[in-house]
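Novice: Sharing structure.cif here; it has mmCIF, C-alpha atoms and all ligand atoms.
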```cif
data_final
loop_
_atom_site.label_atom_id
_atom_site.label_comp_id
_atom_site.auth_asym_id
_atom_site.auth_seq_id
_atom_site.Cartn_x
_atom_site.Cartn_y
_atom_site.Cartn_z
CA MET A 1031 0.87 -133.24 -23.96
CA ASP A 1032 -2.95 -133.12 -24.23
CA LEU A 1033 -5.71 -133.49 -21.63
CA GLY A 1034 -5.85 -137.24 -22.21
CA GLU A 1035 -2.17 -137.57 -21.39
CA ILE A 1036 -2.55 -135.45 -18.27
CA LYS A 1037 -5.46 -137.66 -17.24
CA ALA A 1038 -3.24 -140.71 -17.76
CA LEU A 1039 -0.68 -139.20 -15.36
CA LEU A 1040 -3.42 -138.60 -12.78
CA ASP A 1041 -4.59 -142.21 -13.24
CA GLU A 1042 -1.03 -143.40 -12.77
CA ARG A 1043 -0.73 -141.76 -9.35
CA ARG A 1044 -0.63 -144.25 -6.48
CA ALA A 1045 -2.85 -143.31 -3.52
CA GLY A 1046 -0.90 -141.82 -0.64
CA HIS A 1047 2.12 -141.14 -2.86
CA SER A 1048 3.72 -138.08 -4.40
CA LEU A 1049 2.91 -137.35 -8.04
CA PRO A 1050 4.39 -138.81 -11.24
CA GLN A 1051 7.44 -136.83 -12.37
CA ALA A 1052 5.87 -135.06 -15.38
CA LEU A 1053 3.27 -133.41 -13.14
CA TYR A 1054 6.16 -131.52 -11.49
CA THR A 1055 8.12 -130.74 -14.65
CA ASP A 1056 6.14 -130.67 -17.89
CA PRO A 1057 5.41 -127.27 -19.54
CA ALA A 1058 1.99 -128.47 -20.73
CA VAL A 1059 1.08 -129.50 -17.17
CA PHE A 1060 2.15 -126.06 -15.99
CA GLU A 1061 -0.24 -124.44 -18.51
CA PHE A 1062 -2.95 -126.87 -17.47
CA ASP A 1063 -2.44 -126.00 -13.78
CA LEU A 1064 -2.82 -122.29 -14.49
CA THR A 1065 -6.16 -122.83 -16.20
CA ALA A 1066 -7.60 -125.83 -14.38
CA ILE A 1067 -6.37 -125.04 -10.87
CA TYR A 1068 -5.50 -121.34 -10.44
CA GLY A 1069 -8.20 -120.32 -12.92
CA GLN A 1070 -10.90 -122.29 -11.09
CA SER A 1071 -10.17 -121.64 -7.40
CA TRP A 1072 -10.78 -118.94 -4.83
CA LEU A 1073 -7.48 -117.16 -4.21
CA MET A 1074 -6.45 -114.84 -1.39
CA ALA A 1075 -5.73 -111.60 -3.26
CA GLY A 1076 -4.89 -109.14 -0.50
CA PHE A 1077 -6.36 -107.04 2.27
CA GLU A 1078 -8.97 -104.29 2.27
CA CYS A 1079 -6.56 -102.03 4.18
CA GLU A 1080 -4.30 -102.03 1.09
CA LEU A 1081 -7.09 -100.13 -0.72
CA PRO A 1082 -8.02 -97.51 1.86
CA GLU A 1083 -9.91 -95.00 -0.34
CA ALA A 1084 -11.99 -94.67 -3.51
CA GLY A 1085 -9.51 -95.01 -6.36
CA SER A 1086 -6.99 -97.11 -4.42
CA TYR A 1087 -5.86 -100.03 -6.52
CA SER A 1088 -3.67 -103.09 -6.30
CA SER A 1089 -2.22 -104.72 -9.42
CA PHE A 1090 -0.70 -108.20 -9.35
CA LYS A 1091 -0.57 -111.40 -11.34
CA VAL A 1092 -2.19 -114.79 -10.98
CA GLY A 1093 0.34 -116.86 -12.87
CA ARG A 1094 0.93 -114.59 -15.85
CA TRP A 1095 -2.57 -113.09 -15.79
CA PRO A 1096 -2.67 -109.46 -14.65
CA ILE A 1097 -5.44 -108.63 -12.18
CA LEU A 1098 -6.55 -105.28 -10.83
CA LEU A 1099 -8.33 -104.69 -7.52
CA VAL A 1100 -9.97 -101.28 -7.21
CA ARG A 1101 -12.03 -99.57 -4.52
CA ASP A 1102 -14.88 -97.83 -6.35
CA ARG A 1103 -16.68 -94.61 -5.41
CA ALA A 1104 -19.27 -96.52 -3.39
CA GLY A 1105 -16.49 -98.08 -1.31
CA GLN A 1106 -16.89 -101.53 -2.90
CA ILE A 1107 -13.84 -103.57 -3.82
CA ARG A 1108 -13.95 -104.64 -7.46
CA ALA A 1109 -11.70 -107.01 -9.38
CA PHE A 1110 -10.94 -106.73 -13.10
CA HIS A 1111 -8.73 -108.28 -15.70
CA ASN A 1112 -5.96 -105.69 -15.97
CA SER A 1113 -6.27 -105.56 -19.74
CA CYS A 1114 -7.52 -102.58 -21.75
CA ARG A 1115 -10.54 -103.22 -23.94
CA HIS A 1116 -8.86 -101.33 -26.81
CA ARG A 1117 -5.82 -103.43 -27.68
CA GLY A 1118 -5.22 -105.12 -24.36
CA ALA A 1119 -2.46 -103.10 -22.69
CA MET A 1120 -2.10 -103.42 -18.93
CA LEU A 1121 -3.81 -100.44 -17.28
CA CYS A 1122 -1.82 -100.31 -14.05
CA LYS A 1123 1.69 -101.54 -13.37
CA GLU A 1124 2.16 -104.10 -10.61
CA GLY A 1125 1.97 -102.65 -7.12
CA THR A 1126 -0.48 -100.42 -5.28
CA GLY A 1127 -1.53 -96.85 -6.05
CA LYS A 1128 -4.39 -94.40 -6.27
CA ALA A 1129 -6.11 -92.82 -9.26
CA PRO A 1130 -9.42 -90.98 -9.76
CA ARG A 1131 -9.96 -92.95 -13.00
CA LEU A 1132 -8.12 -95.76 -14.74
CA VAL A 1133 -6.29 -94.36 -17.75
CA CYS A 1134 -4.64 -96.76 -20.18
CA PRO A 1135 -1.02 -95.69 -20.68
CA TYR A 1136 -1.16 -96.68 -24.37
CA HIS A 1137 -3.92 -94.63 -26.10
CA ARG A 1138 -5.52 -93.05 -23.02
CA TRP A 1139 -8.80 -94.94 -23.01
CA THR A 1140 -10.23 -93.95 -19.64
CA TYR A 1141 -12.31 -96.11 -17.31
CA ASN A 1142 -14.42 -95.29 -14.27
CA LEU A 1143 -13.59 -97.03 -11.02
CA ASP A 1144 -16.54 -99.37 -11.63
CA GLY A 1145 -14.83 -100.57 -14.81
CA SER A 1146 -17.15 -98.81 -17.27
CA LEU A 1147 -15.47 -97.02 -20.18
CA LEU A 1148 -15.75 -93.25 -19.74
CA SER A 1149 -13.95 -91.99 -22.83
CA ALA A 1150 -12.00 -93.09 -25.88
CA MET A 1151 -10.59 -90.51 -28.26
CA ARG A 1152 -11.13 -90.48 -32.03
CA MET A 1153 -13.45 -93.44 -32.13
CA PRO A 1154 -16.31 -93.48 -34.70
CA GLU A 1155 -19.83 -92.24 -33.95
CA ASP A 1156 -21.25 -95.72 -33.68
CA PHE A 1157 -18.61 -96.94 -31.19
CA ASP A 1158 -20.46 -98.27 -28.16
CA ARG A 1159 -18.63 -97.47 -24.92
CA ALA A 1160 -21.07 -99.60 -22.95
CA GLU A 1161 -19.74 -102.68 -24.69
CA HIS A 1162 -16.15 -101.97 -23.77
CA GLY A 1163 -16.05 -101.99 -19.98
CA LEU A 1164 -13.30 -103.90 -18.16
CA GLY A 1165 -13.78 -107.64 -17.73
CA GLU A 1166 -14.86 -108.37 -14.16
CA VAL A 1167 -13.48 -111.09 -11.94
CA HIS A 1168 -15.46 -112.54 -9.02
CA VAL A 1169 -14.43 -110.87 -5.78
CA GLU A 1170 -15.48 -111.32 -2.14
CA THR A 1171 -14.29 -109.69 1.06
CA VAL A 1172 -14.39 -111.47 4.41
CA ALA A 1173 -13.34 -109.77 7.65
CA GLY A 1174 -10.96 -107.46 5.79
CA VAL A 1175 -9.44 -110.06 3.44
CA ILE A 1176 -10.00 -109.99 -0.34
CA TYR A 1177 -10.59 -113.19 -2.31
CA ILE A 1178 -10.94 -113.52 -6.09
CA CYS A 1179 -11.94 -116.29 -8.46
CA LEU A 1180 -11.36 -116.20 -12.21
CA ALA A 1181 -13.77 -119.05 -12.99
CA GLU A 1182 -17.06 -118.31 -14.69
CA THR A 1183 -18.83 -120.17 -11.89
CA PRO A 1184 -16.76 -120.06 -8.69
CA PRO A 1185 -16.89 -122.80 -6.05
CA PRO A 1186 -19.46 -122.14 -3.27
CA PHE A 1187 -18.21 -119.51 -0.82
CA GLU A 1188 -20.92 -119.27 1.85
CA VAL A 1189 -19.53 -121.69 4.44
CA PHE A 1190 -16.12 -120.10 4.13
CA ARG A 1191 -17.59 -116.63 4.56
CA ARG A 1192 -19.63 -117.63 7.61
CA ASP A 1193 -16.82 -119.44 9.43
CA MET A 1194 -13.97 -117.06 8.56
CA THR A 1195 -16.04 -114.02 9.52
CA ALA A 1196 -16.40 -115.41 13.04
CA LEU A 1197 -12.80 -116.64 13.37
CA LEU A 1198 -11.15 -113.47 12.03
CA ALA A 1199 -13.43 -110.84 13.60
CA PRO A 1200 -11.32 -110.48 16.78
CA HIS A 1201 -8.28 -109.62 14.63
CA ASP A 1202 -9.92 -106.37 13.55
CA LEU A 1203 -8.34 -106.22 10.08
CA ALA A 1204 -10.38 -103.09 9.34
CA ASN A 1205 -7.85 -101.35 11.58
CA ALA A 1206 -4.74 -103.00 10.18
CA LYS A 1207 -2.05 -101.86 7.79
CA VAL A 1208 0.47 -103.68 5.66
CA ALA A 1209 3.86 -103.06 7.27
CA HIS A 1210 5.97 -104.99 4.77
CA VAL A 1211 5.77 -106.97 1.51
CA GLU A 1212 8.49 -109.34 0.39
CA THR A 1213 8.73 -111.45 -2.77
CA LEU A 1214 10.92 -114.44 -3.37
CA THR A 1215 11.39 -116.49 -6.54
CA GLU A 1216 11.68 -120.22 -5.90
CA TYR A 1217 13.08 -122.27 -8.76
CA ALA A 1218 10.71 -125.15 -8.18
CA ASN A 1219 7.31 -126.21 -9.48
CA TRP A 1220 4.49 -124.54 -7.55
CA LYS A 1221 3.23 -127.93 -6.31
CA LEU A 1222 6.59 -128.67 -4.68
CA VAL A 1223 6.51 -125.23 -3.04
CA LEU A 1224 3.03 -125.95 -1.71
CA GLU A 1225 3.73 -129.51 -0.61
CA ASN A 1226 6.68 -128.17 1.34
CA GLY A 1227 4.45 -125.46 2.81
CA ARG A 1228 1.81 -127.95 3.95
CA GLU A 1229 3.97 -130.05 6.26
CA CYS A 1230 6.26 -129.63 9.21
CA TYR A 1231 7.97 -133.02 8.79
CA HIS A 1232 10.99 -130.93 7.77
CA CYS A 1233 10.61 -128.22 10.41
CA GLN A 1234 12.59 -129.60 13.35
CA ALA A 1235 15.71 -129.91 11.21
CA GLY A 1236 14.89 -127.32 8.56
CA HIS A 1237 13.50 -124.46 10.65
CA PRO A 1238 15.20 -124.25 14.06
CA GLU A 1239 14.01 -120.63 14.43
CA LEU A 1240 10.36 -121.38 13.60
CA ALA A 1241 10.43 -124.53 15.75
CA LYS A 1242 10.87 -122.41 18.87
CA THR A 1243 7.30 -121.10 18.72
CA PHE A 1244 5.51 -123.31 16.16
CA PRO A 1245 4.29 -126.78 17.24
CA VAL A 1246 6.31 -128.60 14.58
CA GLU A 1247 5.47 -132.08 15.87
CA VAL A 1248 1.78 -131.67 15.26
CA SER A 1249 0.26 -134.25 12.93
CA SER A 1250 -2.76 -132.26 11.89
CA TYR A 1251 -3.97 -128.78 12.73
CA PHE A 1252 -7.32 -130.35 13.44
CA GLU A 1253 -6.21 -132.50 16.37
CA PHE A 1254 -5.18 -130.82 19.54
CA GLY A 1255 -7.65 -132.70 21.75
CA GLY A 1256 -5.16 -135.02 23.42
CA ALA A 1257 -2.72 -132.49 24.77
CA ASP A 1258 -3.35 -130.77 28.10
CA HIS A 1259 -1.75 -127.70 26.60
CA ALA A 1260 -4.41 -127.59 23.88
CA ALA A 1261 -7.27 -128.16 26.35
CA THR A 1262 -6.04 -125.33 28.57
CA PHE A 1263 -5.70 -123.12 25.51
CA GLU A 1264 -9.21 -123.87 24.28
CA ALA A 1265 -10.68 -123.13 27.71
CA ARG A 1266 -8.79 -119.85 27.93
CA MET A 1267 -9.92 -118.80 24.44
CA ALA A 1268 -13.54 -119.65 25.34
CA GLU A 1269 -13.24 -117.42 28.42
CA HIS A 1270 -12.23 -114.53 26.20
CA GLY A 1271 -14.89 -115.31 23.59
CA LEU A 1272 -12.35 -116.17 20.91
CA PRO A 1273 -13.53 -118.91 18.53
CA VAL A 1274 -10.95 -121.62 17.79
CA GLY A 1275 -12.65 -123.70 15.08
CA PRO A 1276 -11.59 -125.96 13.52
CA ALA A 1277 -13.40 -125.19 10.29
CA GLY A 1278 -12.90 -126.12 6.68
CA GLU A 1279 -13.99 -127.75 3.46
CA ASP A 1280 -12.00 -129.45 0.72
CA TRP A 1281 -10.36 -126.21 -0.47
CA TRP A 1282 -9.70 -124.43 2.83
CA GLN A 1283 -9.10 -125.04 6.50
CA ALA A 1284 -8.81 -122.86 9.59
CA ILE A 1285 -8.02 -123.29 13.25
CA ARG A 1286 -6.78 -121.21 16.15
CA PHE A 1287 -4.06 -123.32 17.74
CA PRO A 1288 -1.73 -122.85 20.71
CA LEU A 1289 1.88 -121.91 20.16
CA ASN A 1290 4.54 -123.81 22.08
CA PRO A 1291 4.21 -123.45 25.89
CA GLY A 1292 5.27 -120.01 27.09
CA MET A 1293 5.37 -118.52 23.56
CA ARG A 1294 3.19 -115.47 22.95
CA SER A 1295 3.93 -114.64 19.31
CA MET A 1296 5.54 -116.19 16.24
CA SER A 1297 8.82 -114.35 16.57
CA MET A 1298 12.47 -115.23 17.08
CA ASP A 1299 12.14 -115.33 20.87
CA GLY A 1300 8.41 -115.99 21.26
CA GLU A 1301 7.68 -112.51 22.60
CA PRO A 1302 5.45 -110.00 20.79
CA ILE A 1303 7.29 -107.89 18.19
CA VAL A 1304 4.70 -105.11 17.98
CA ALA A 1305 3.92 -103.05 21.09
CA ARG A 1306 0.47 -102.01 19.77
CA PRO A 1307 -1.42 -105.36 19.52
CA MET A 1308 -4.04 -106.20 16.89
CA VAL A 1309 -6.09 -108.23 19.36
CA GLY A 1310 -6.74 -106.81 22.81
CA ALA A 1311 -8.31 -109.96 24.34
CA ALA A 1312 -6.18 -112.18 26.59
CA GLU A 1313 -3.39 -109.61 26.34
CA GLY A 1314 -2.85 -110.75 22.78
CA ASP A 1315 -1.72 -114.19 24.02
CA ILE A 1316 -4.10 -116.03 21.70
CA GLY A 1317 -2.03 -118.63 19.86
CA SER A 1318 -2.27 -118.34 16.10
CA LEU A 1319 -5.30 -118.35 13.84
CA ARG A 1320 -4.09 -120.27 10.81
CA TRP A 1321 -6.10 -120.46 7.63
CA ALA A 1322 -5.05 -121.90 4.32
CA LEU A 1323 -6.57 -122.03 0.85
CA GLU A 1324 -5.78 -124.60 -1.81
CA PRO A 1325 -3.96 -124.13 -4.04
CA HIS A 1326 -1.72 -121.31 -2.91
CA SER A 1327 -1.81 -119.69 0.52
CA PHE A 1328 -1.67 -119.77 4.28
CA ALA A 1329 -1.82 -117.07 6.92
CA HIS A 1330 -1.02 -116.88 10.61
CA ALA A 1331 -2.73 -114.24 12.73
CA VAL A 1332 -1.16 -113.92 16.16
CA GLY A 1333 -1.97 -111.27 18.76
CA ASP A 1334 0.46 -108.62 17.55
CA HIS A 1335 0.76 -109.23 13.79
CA LEU A 1336 -0.40 -111.26 10.82
CA PHE A 1337 1.74 -113.06 8.26
CA PHE A 1338 0.38 -114.04 4.84
CA PHE A 1339 2.03 -116.39 2.32
CA SER A 1340 1.00 -116.83 -1.31
CA ALA A 1341 2.62 -118.86 -4.10
CA MET A 1342 1.96 -118.10 -7.77
CA PRO A 1343 3.23 -120.27 -10.65
CA ILE A 1344 5.57 -118.49 -13.07
CA GLY A 1345 6.92 -121.43 -15.04
CA PRO A 1346 7.22 -125.22 -14.80
CA ARG A 1347 10.16 -124.76 -12.39
CA GLU A 1348 9.55 -121.23 -11.14
CA THR A 1349 7.19 -119.93 -8.45
CA LEU A 1350 6.74 -116.44 -7.04
CA VAL A 1351 6.23 -116.37 -3.28
CA THR A 1352 4.78 -113.22 -1.74
CA GLY A 1353 4.87 -112.57 2.00
CA LYS A 1354 2.90 -109.77 3.65
CA TRP A 1355 3.11 -108.63 7.27
CA LEU A 1356 0.19 -106.74 8.82
CA VAL A 1357 0.17 -104.79 12.08
CA HIS A 1358 -2.30 -102.47 13.83
CA LYS A 1359 -2.77 -99.31 11.76
CA ASP A 1360 -1.66 -97.15 14.69
CA ALA A 1361 1.55 -99.10 15.30
CA VAL A 1362 4.41 -96.79 14.39
CA GLU A 1363 7.52 -98.17 12.74
CA GLY A 1364 10.62 -97.45 14.79
CA VAL A 1365 8.49 -96.79 17.89
CA ASP A 1366 6.09 -99.74 18.31
CA TYR A 1367 7.99 -102.16 16.11
CA ASP A 1368 11.21 -102.57 14.25
CA ARG A 1369 10.65 -103.66 10.65
CA ALA A 1370 13.74 -105.88 10.48
CA GLN A 1371 12.64 -107.64 13.65
CA LEU A 1372 9.03 -107.99 12.42
CA ILE A 1373 10.02 -109.81 9.24
CA GLU A 1374 13.02 -111.77 10.51
CA LEU A 1375 11.41 -115.10 11.43
CA TRP A 1376 9.36 -115.58 8.25
CA ASN A 1377 12.13 -114.31 6.00
CA ILE A 1378 14.52 -116.85 7.49
CA THR A 1379 11.84 -119.54 7.23
CA ASN A 1380 10.93 -118.68 3.63
CA GLN A 1381 14.58 -118.71 2.58
CA GLN A 1382 15.00 -122.13 4.18
CA ASP A 1383 11.86 -123.34 2.38
CA LYS A 1384 13.16 -121.96 -0.93
CA ASP A 1385 16.32 -124.05 -0.52
CA LEU A 1386 14.28 -127.12 0.41
CA ALA A 1387 11.87 -126.75 -2.53
CA GLU A 1388 14.69 -126.14 -5.05
CA ASN A 1389 16.59 -129.13 -3.72
CA ASN A 1390 13.38 -131.16 -3.99
CA GLN A 1391 12.94 -130.07 -7.62
CA ALA A 1392 16.53 -131.02 -8.46
CA GLY A 1393 15.93 -134.53 -7.14
CA VAL A 1394 12.50 -134.87 -8.76
CA ASP A 1395 14.21 -134.08 -12.09
CA SER A 1396 16.37 -137.19 -11.69
CA PRO A 1397 15.69 -140.17 -13.98
CA GLY A 1398 15.78 -142.10 -10.72
CA TYR A 1399 12.76 -140.25 -9.25
CA ARG A 1400 9.88 -142.52 -8.25
CA PRO A 1401 6.80 -141.21 -6.41
CA GLY A 1402 7.22 -141.95 -2.70
CA PRO A 1403 4.79 -142.43 0.20
CA TYR A 1404 3.77 -139.53 2.42
CA SER A 1405 3.74 -139.99 6.20
CA PRO A 1406 0.01 -140.20 7.04
CA ASP A 1407 0.92 -138.69 10.41
CA ALA A 1408 3.36 -135.88 9.59
CA GLU A 1409 2.21 -135.10 6.04
CA VAL A 1410 -1.55 -135.29 6.38
CA LEU A 1411 -2.02 -131.78 4.98
CA VAL A 1412 0.26 -132.51 2.01
CA LEU A 1413 -1.87 -135.54 1.26
CA ARG A 1414 -4.96 -133.37 1.47
CA PHE A 1415 -3.41 -130.86 -0.93
CA VAL A 1416 -2.27 -133.45 -3.48
CA ASP A 1417 -5.59 -135.32 -3.33
CA TRP A 1418 -7.44 -132.03 -3.77
CA TYR A 1419 -5.21 -131.21 -6.77
CA CYS A 1420 -5.92 -134.55 -8.44
CA THR A 1421 -9.68 -134.26 -7.86
CA LYS A 1422 -9.77 -130.69 -9.14
CA ALA A 1423 -7.67 -131.58 -12.19
CA ARG A 1424 -9.91 -134.55 -13.05
CA ALA A 1425 -13.07 -132.45 -12.63
CA TYR A 1426 -11.70 -129.91 -15.10
CA ILE A 1427 -10.76 -132.59 -17.64
CA GLU A 1428 -14.19 -134.18 -17.36
CA GLN A 1429 -15.91 -130.85 -17.73
CA GLN A 1430 -13.85 -130.10 -20.85
CA ALA A 1431 -14.69 -133.53 -22.30
CA GLY A 1432 -18.35 -132.74 -21.61
CA THR A 1433 -18.34 -129.39 -23.37
CA MET A 1434 -16.46 -130.83 -26.33
CA GLY A 1435 -19.28 -133.35 -26.73
O1 LIG A 1501 1.31 -123.85 6.83
C1 LIG A 1501 1.81 -123.53 7.90
O2 LIG A 1501 1.13 -123.13 8.80
C2 LIG A 1501 3.24 -123.73 8.19
C3 LIG A 1501 4.06 -122.58 8.32
C4 LIG A 1501 5.36 -123.18 8.46
C5 LIG A 1501 5.30 -124.51 7.91
N1 LIG A 1501 3.96 -124.71 7.44
C6 LIG A 1501 3.50 -126.04 7.66
FE1 LIG A 1502 -5.46 -99.20 -24.00
FE2 LIG A 1502 -5.00 -98.62 -26.54
S1 LIG A 1502 -4.52 -100.42 -25.48
S2 LIG A 1502 -5.93 -97.39 -25.03
FE FE A 1503 9.06 -125.04 5.82
#
```
I'd like the structure from this file rewritten - as C-alpha cells, please.
Specialist:
Amino acid sequence: MDLGEIKALLDERRAGHSLPQALYTDPAVFEFDLTAIYGQSWLMAGFECELPEAGSYSSFKVGRWPILLVRDRAGQIRAFHNSCRHRGAMLCKEGTGKAPRLVCPYHRWTYNLDGSLLSAMRMPEDFDRAEHGLGEVHVETVAGVIYICLAETPPPFEVFRRDMTALLAPHDLANAKVAHVETLTEYANWKLVLENGRECYHCQAGHPELAKTFPVEVSSYFEFGGADHAATFEARMAEHGLPVGPAGEDWWQAIRFPLNPGMRSMSMDGEPIVARPMVGAAEGDIGSLRWALEPHSFAHAVGDHLFFFSAMPIGPRETLVTGKWLVHKDAVEGVDYDRAQLIELWNITNQQDKDLAENNQAGVDSPGYRPGPYSPDAEVLVLRFVDWYCTKARAYIEQQAGTMG
C-alpha cells in the first residue's frame, strides 16, 4: 500500500464514524503511523525524577525506535537517538541507569553526556569526532514531565508549556519518585487501544472498580458546568488557589475534575492510598488533574499519587502499554503505602481494557466489519482522537507530495 492508497482510505472515512478496516489492520498503515503520527508528535517520555543526577539515563522505544534520555553535567535533560554513530548499535539497554559517559557495548566508542563523541579507538588521523556526535531529538520539560518529538520541526509547544506549568505546579513533581512501572502487551492496533482509552462508554459495565471513583457518565471532560457537584468543586479549588482549566489544543487537553461525591483518590475504595500526599492543599482532596496527549497518553494526578499511561505501537495488531505510578519522594514503601494496593485499581482497569481492545480487534478483523457511528455524547474524545489522526495523516501525505514535487 502506498501513500495514495492510504489517502484513499482516509477519504473513504465517513464523518463521525470509526475508520475503514485496513487502517486498523494493514502492515503498511502501521509503518505509516509510526512515521507520520508517532514521528511527528510530541510524546510524553517520562519524568525528571527518573533522571535524578548527571549521568542518569532512561532508554525506551517509540515504536521500534530506540530513544535515550540523559541528564547532562549541567543538569539539562537531553534526548538522543539510542544508536551509535559507528555502526549503529544501541548504546544503552532499555530501562533506567546511571553512567559517567555513554560507552557503546560493541566497539567502545565513548560519548559525553551532551552526546559529543569523546573517544574512538584505532580510527585514522583524519577521523573527525566532532562529526560523529549522537543524533539529538527535541526535548522539553514542563513541571517535572519530559516530552520529546522526533520531527525535524515539532508542533508549537508554547501554549502547552504555559498552561501545563500552571496546572501541574501544585503537584510538585520535582519532589516525586516513580514507585512502580508496569508494561502490558495488548494484541490490538494502537488506534483501537487509544480509542478505548478515550471513552468511558464502556466503563460502567467494563470497569466496576474504576466506576466507583471516576465519573464514568461524563460526556466530555470539558463540561462540568451543569452539575452542582462540579460548581462546588471549582469554588473549593479556587479557594485553595488550584487551577482547574480546562485547557487544550488539537493535540492535548487538560482539566482538573471532581471525582465522584465523597471520593478522595482514584483507588479501590476512594480513600488515599499514600499517607504522605503529593499535594498539601485542601488535604489532598483535589479531584484529579487529567491531561492527555494525542496520539498516545493520559495521566491522572490526584492528591496522593499520579498515574501515567502510554501506548506505543509494536506491530499492526500489537501495542505496548506502559503504566507508571508516582508518589511523594519521601513516601516509604511498606510504611506510607503498600505497592500492591497502589497499583491495584489501574492494573485491574488496564487488564480489562486489554481484553476489550483485543476483542475489538478480533471483531474489526471480520469480513463483516463496517465502520460504525460514535456516540457524540459518550465518545466525544474518541471522535476528537480519530479526527486528529485523520488530519495529521493527511497533512503528512500532503507534505510528502509537496517535497516530492
Ligand atoms: O482517559 C481517561 O482519563 C480514562 C481513564 C479511564 C478511562 N479513560 C477514559
Ligand atoms: Fe558502537 Fe561500534 S557500533 S562502537
Ligand atoms: Fe477502559
Novice: Find the residues near region 1052-1060 of chain A: any atom within 12 Å, counting all atoms listed in the file, skip ones fewer than 4 places away on the same chain, and give them as a PyMOL selection string.
Specialist: chain A and resi 1031-1043+1048+1064-1068+1093-1094+1217-1225+1342-1349+1387-1388+1390-1397+1399-1401+1416+1419-1420+1423
Novice: Taking only C-alpha atoms and all ligand atoms into account, list the residues no farther than 8 Å from ligand LIG 1502 (chain A), as a list of chain:residue names.
Specialist: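 I would give the residues around ligand LIG 1502 (chain A) as A:Ser1113, A:Cys1114, A:Arg1115, A:His1116, A:Arg1117, A:Gly1118, A:Ala1119, A:Met1120, A:Leu1121, A:Val1133, A:Cys1134, A:Pro1135, A:Tyr1136, A:His1137, A:Arg1138, A:Trp1139, A:Thr1140, A:Ala1150.
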Novice: Would you compute the distance between atom C1 of ligand LIG 1501 (chain A) and CA of Trp1355 (chain A)? Give it in Å to one decimal.
Specialist: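 These two atoms are separated by 15.0 Å.
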Novice: Which residues sit within 6 Å of ligand LIG 1501 (chain A), counting only C-alpha atoms and all ligand atoms, listed as a PDB file with C-alpha atoms, in the coordinates of the input?
Specialist:
```pdb
ATOM      1  CA  GLY A1227       4.450-125.460   2.810  1.00  0.00           C
ATOM      2  CA  ARG A1228       1.810-127.950   3.950  1.00  0.00           C
ATOM      3  CA  GLU A1229       3.970-130.050   6.260  1.00  0.00           C
ATOM      4  CA  CYS A1230       6.260-129.630   9.210  1.00  0.00           C
ATOM      5  CA  PHE A1328      -1.670-119.770   4.280  1.00  0.00           C
TER       6      PHE A1328
END
```
Novice: With 8 Å as the cut-off and only C-alpha atoms and all ligand atoms counted, what is the closest atom pair between each nearby residue of chain A and ligand FE 1503 (chain A)? Distances in Å to one decimal, ordered by chain and number, as JSON lines.
Specialist:
```
{"residue": "A:Asn1226", "atom": "CA", "partner": "A:FE1503", "partner_atom": "FE", "distance": 6.0}
{"residue": "A:Gly1227", "atom": "CA", "partner": "A:FE1503", "partner_atom": "FE", "distance": 5.5}
{"residue": "A:Glu1229", "atom": "CA", "partner": "A:FE1503", "partner_atom": "FE", "distance": 7.2}
{"residue": "A:Cys1230", "atom": "CA", "partner": "A:FE1503", "partner_atom": "FE", "distance": 6.4}
{"residue": "A:His1232", "atom": "CA", "partner": "A:FE1503", "partner_atom": "FE", "distance": 6.5}
{"residue": "A:Cys1233", "atom": "CA", "partner": "A:FE1503", "partner_atom": "FE", "distance": 5.8}
{"residue": "A:Gly1236", "atom": "CA", "partner": "A:FE1503", "partner_atom": "FE", "distance": 6.8}
{"residue": "A:His1237", "atom": "CA", "partner": "A:FE1503", "partner_atom": "FE", "distance": 6.6}
{"residue": "A:Thr1379", "atom": "CA", "partner": "A:FE1503", "partner_atom": "FE", "distance": 6.3}
{"residue": "A:Asn1380", "atom": "CA", "partner": "A:FE1503", "partner_atom": "FE", "distance": 7.0}
{"residue": "A:Gln1382", "atom": "CA", "partner": "A:FE1503", "partner_atom": "FE", "distance": 6.8}
{"residue": "A:Asp1383", "atom": "CA", "partner": "A:FE1503", "partner_atom": "FE", "distance": 4.8}
{"residue": "A:Leu1386", "atom": "CA", "partner": "A:FE1503", "partner_atom": "FE", "distance": 7.8}
```
Novice: For the point (-12.5, -119.8, 21.7) in the file's frame, write as a PyMOL selection string all residues with an atom no more than 12 Å away, counting only C-alpha atoms.
Specialist: chain A and resi 1196-1198+1200+1260-1276+1285-1288+1311-1312+1316-1319
Novice: Quick check, in Å to one decimal: how far apart do CA of Ala1129 (chain A) and CA of Gly1085 (chain A) lie?
Specialist: 5.0 Å
Novice: I'd like the interatomic distance between CA of Ser1089 (chain A) and CA of Leu1203 (chain A), to a tenth of an Å.
Specialist: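 Separation of CA of Ser1089 (chain A) and CA of Leu1203 (chain A): 20.5 Å.
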Novice: Taking 4 positions as the minimum chain separation for residues in the same chain, which residues sit within 7 Å of His1168 (chain A) when counting only C-alpha atoms? Answer as a ChimeraX atom specification.
Specialist: /A:1109,1178-1180
